[in-house]
Each structure stands twice: as C-alpha cells, then as structure tokens.
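Here is protein.cif, consisting of mmCIF, C-alpha atoms:
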data_entry
#
loop_
_atom_site.label_atom_id
_atom_site.label_comp_id
_atom_site.auth_asym_id
_atom_site.auth_seq_id
_atom_site.Cartn_x
_atom_site.Cartn_y
_atom_site.Cartn_z
CA MET A 1 113.70 190.26 4.21
CA THR A 2 114.89 188.99 7.56
CA LYS A 3 118.49 189.33 8.71
CA GLY A 4 118.82 185.54 8.46
CA GLN A 5 117.66 185.56 4.84
CA ALA A 6 120.07 188.39 4.06
CA LYS A 7 122.96 186.48 5.68
CA ARG A 8 122.11 183.40 3.59
CA GLU A 9 122.14 185.54 0.44
CA VAL A 10 125.55 186.95 1.37
CA ALA A 11 126.86 183.41 1.99
CA ARG A 12 125.46 182.20 -1.35
CA LEU A 13 127.13 185.04 -3.25
CA GLN A 14 130.36 184.71 -1.26
CA LYS A 15 130.62 181.12 -2.47
CA ALA A 16 129.60 181.99 -6.05
CA PHE A 17 132.21 184.77 -6.29
CA GLU A 18 134.84 182.56 -4.60
CA LEU A 19 135.37 185.02 -1.77
CA CYS A 20 135.44 182.48 1.06
CA GLN A 21 138.71 183.87 2.45
CA TRP A 22 136.80 186.97 3.60
CA ASP A 23 135.05 187.24 6.97
CA ILE A 24 131.91 189.11 5.93
CA GLN A 25 129.97 190.86 8.67
CA LEU A 26 126.45 191.90 7.66
CA ARG A 27 125.05 194.85 9.57
CA CYS A 28 121.39 195.79 9.22
CA VAL A 29 120.96 199.53 9.63
CA ASP A 30 118.44 202.31 9.09
CA ALA A 31 118.29 203.49 5.47
CA VAL A 32 119.33 207.01 6.47
CA ALA A 33 122.49 205.63 8.07
CA VAL A 34 123.69 203.68 5.04
CA ASP A 35 124.80 205.84 2.15
CA ALA A 36 124.93 209.61 1.78
CA ASP A 37 124.34 209.15 -1.96
CA GLY A 38 120.96 207.56 -1.34
CA GLY A 39 121.97 203.92 -1.73
CA ASP A 40 120.68 201.09 0.41
CA GLY A 41 124.11 199.57 1.11
CA LEU A 42 127.70 200.32 1.91
CA ILE A 43 130.81 198.14 2.02
CA SER A 44 134.12 198.59 3.79
CA TRP A 45 136.99 196.15 4.08
CA ASP A 46 140.41 195.57 5.54
CA SER A 47 142.59 193.60 3.14
CA GLU A 48 145.14 192.73 5.80
CA THR A 49 142.65 191.09 8.16
CA LEU A 50 140.25 190.04 5.36
CA VAL A 51 137.31 191.45 7.31
CA VAL A 52 134.41 193.02 5.43
CA PHE A 53 131.50 195.04 6.75
CA ILE A 54 128.39 195.32 4.61
CA ASP A 55 125.73 197.70 5.86
CA ILE A 56 122.27 197.03 4.43
CA ALA A 57 118.96 198.84 4.82
CA ILE A 58 117.10 195.64 5.61
CA GLN A 59 113.66 197.26 5.80
CA SER A 60 113.71 197.92 2.05
CA PRO A 61 111.69 195.61 -0.22
CA ASP A 62 113.20 192.11 -0.59
CA GLU A 63 114.24 192.60 -4.23
CA ASP A 64 115.99 195.86 -3.33
CA VAL A 65 117.85 194.13 -0.48
CA ARG A 66 118.91 191.27 -2.79
CA SER A 67 120.08 193.73 -5.42
CA THR A 68 121.98 195.76 -2.83
CA ILE A 69 123.69 192.67 -1.43
CA LEU A 70 124.68 191.64 -4.97
CA HIS A 71 125.97 195.16 -5.67
CA GLU A 72 128.14 195.20 -2.54
CA MET A 73 129.44 191.69 -3.20
CA ILE A 74 130.48 192.76 -6.70
CA HIS A 75 132.46 195.59 -5.10
CA LEU A 76 134.19 192.95 -2.98
CA ALA A 77 134.84 190.77 -6.04
CA LEU A 78 136.58 193.79 -7.62
CA VAL A 79 138.64 194.60 -4.52
CA ASP A 80 141.95 193.41 -6.02
CA MET A 81 141.52 195.79 -8.94
CA THR A 82 140.50 198.63 -6.61
CA GLU A 83 143.56 198.13 -4.44
CA ALA A 84 145.87 197.92 -7.46
CA HIS A 85 144.47 201.25 -8.63
CA ASN A 86 145.08 202.73 -5.18
CA LYS A 87 148.72 201.57 -5.24
CA VAL A 88 149.26 203.23 -8.61
CA LEU A 89 147.59 206.40 -7.35
CA GLY A 90 150.04 206.41 -4.44
CA LEU A 91 152.88 206.85 -6.92
CA MET A 92 151.35 209.99 -8.44
CA SER A 93 151.49 213.61 -7.41
CA LEU A 94 148.72 214.62 -5.00
CA GLU A 95 146.81 216.56 -7.66
CA ALA A 96 147.01 213.76 -10.23
CA ALA A 97 146.12 211.15 -7.60
CA GLU A 98 143.01 213.06 -6.52
CA LEU A 99 141.80 213.34 -10.10
CA GLY A 100 142.65 209.71 -10.80
CA LYS A 101 140.91 208.53 -7.64
CA ALA A 102 137.69 210.36 -8.48
CA THR A 103 137.72 208.95 -12.01
CA LEU A 104 138.47 205.40 -10.88
CA GLU A 105 135.76 205.51 -8.19
CA GLN A 106 133.22 206.67 -10.76
CA VAL A 107 134.18 203.95 -13.24
CA ASN A 108 134.17 201.32 -10.48
CA GLU A 109 130.66 202.31 -9.42
CA GLN A 110 129.39 202.38 -13.02
CA THR A 111 130.88 198.93 -13.65
CA THR A 112 129.39 197.57 -10.43
CA VAL A 113 125.94 198.93 -11.33
CA ARG A 114 126.19 197.43 -14.84
CA LEU A 115 127.24 194.03 -13.48
CA THR A 116 124.49 194.10 -10.85
CA ARG A 117 121.88 194.71 -13.57
CA ALA A 118 123.37 192.00 -15.77
CA PHE A 119 123.41 189.36 -13.01
CA THR A 120 119.90 190.32 -11.95
CA ASN A 121 118.60 190.04 -15.51
CA LEU A 122 120.37 186.70 -16.09
CA CYS A 123 118.95 185.24 -12.88
CA ALA A 124 115.44 186.40 -13.77
CA LYS A 125 115.41 184.35 -17.01
#

Could I get this file's structure written as structure tokens?
Amino acid sequence: MTKGQAKREVARLQKAFELCQWDIQLRCVDAVAVDADGGDGLISWDSETLVVFIDIAIQSPDEDVRSTILHEMIHLALVDMTEAHNKVLGLMSLEAAELGKATLEQVNEQTTVRLTRAFTNLCAK
C-alpha cells in the first residue's frame, strides 16, 4: 500500500467514526520501529491540541495495513473512555492505580482487537 492510499483509508475511517475534530498525522515507519509487542501500528494523541500520530509499518501486506489502520482508529474512537479511566485512576492510590491501569489497558486492547475483527468481517460480506 502506498502512503497516499493509507492516508485515504485514514480519512475514510476518520469520517466514518466521526473523528473529524482530530488532526491525524500518519507516519510510515519500519516495522521494527513501530511496536515492541510485535504490532504493525502505534497511536499517540494529545487531547488538548487534538493532534494524533499514527505510526504504520507501510511495507506490510495491504490487508495488514488496512487492518492496522482500522485498529488504531478504533483506539482513537475509544479515546474518551480511555481518558475517563485515566482520570479515575488519578484518584486512586499509586498501587491501586498501577493495577487498574494494567487491567484497563488489557481490556482496551482486547476490545479493540475484537472490534477490528468484527468490522473486518462485516466489510468482507
């Protein structure tokens, strides 16, 4: 997939998820530079400036790139929930917050993976 095709996919999903308030910057990077857990993408955002960076291993097969873009856009669609969780964690003791953060991150990732599979399967039919 070319960078232009990847940008168009991001724009399509940004509109579909109603995330047009975000300034999404797509960065195409080497696979080894993306995710220490072996993923092909990584997202980071600043809620105050509404700027998002999505790093994608663009040299992966097209279907993998599409799936990774969808996965990262789902993370962005869930950002309000993620930030609400982080505010609640800030009210807890350090020990409880660390445990809660690990649990919430795991559940967030599992939910994002499940939604990515569901959207992919729905679009394939």

Worksheet entry | Two-atom distance - atom CA of Phe119 of chain A, atom CA of Ala11 of chain A (Å) | 16.5 Å

Discussion item. With only C-alpha atoms as the counted atoms, please give the residues lying no more than 12 Å from Met73 of chain A, apart from itself and same-chain residues fewer than 4 positions off, as an NGL selection string.
Written reply: :A and (9-20 or 22 or 24-26 or 41-45 or 52-56 or 66-69 or 77-79 or 112-113 or 115-116 or 119)

Worksheet item: At what distance in Å, to one decimal, does atom CA of Thr111 of chain A lie from atom CA of Lys3 of chain A?
Response: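 Pair atom CA of Lys3 of chain A / atom CA of Thr111 of chain A returns 27.3 Å.
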
Fill in: Counting only C-alpha atoms, the residue of A:Leu99, A:Val29, A:Ala124, A:Val107 that sits nearest His75 of chain A
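Going through A:Leu99, A:Val29, A:Ala124, A:Val107 one by one, the smallest distance to His75 of chain A is for A:Val107.
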
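Comparing A:Asp40, A:Arg27, A:Glu105, A:Gly100 by their smallest distance to Pro61 of chain A, the closest is A:Asp40 (using only C-alpha atoms).
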
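Relative to atom CA of Ala102 of chain A, atom CA of Ile58 of chain A is found at 29.0 Å.
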
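Put simply, the PyMOL selection byres ((chain A and resi 83-87) around 10) on this file hits Ser47, Leu78, Val79, Asp80, Met81, Thr82, Val88, Leu89, Gly90, Leu91, Met92, Ala97, Gly100, Lys101, Leu104 and Glu105 of chain A.
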
Worksheet item: Which of these, A:His71, A:Leu76, A:Asp64, A:Gln5, has the shortest distance to Gln21 of chain A once you count only C-alpha atoms?
Response: A:Leu76

Padding 3 Å on each side, edges along x, y and z: where is the centre of the box around the listed atoms of segment 55-58 of chain A, and how long are its edges in Å to one decimal? Output it as lines of an AutoDock Vina configuration file.
center_x = 121.4
center_y = 197.2
center_z = 5.1
size_x = 14.6
size_y = 9.2
size_z = 7.4

Worksheet item: Between A:Ala57, A:Ala118, A:Leu50, A:Leu94, which one has atoms that come closest to Ile74 of chain A, using only C-alpha atoms?
Response: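 The shortest atom-to-atom distance to Ile74 of chain A comes from A:Ala118.
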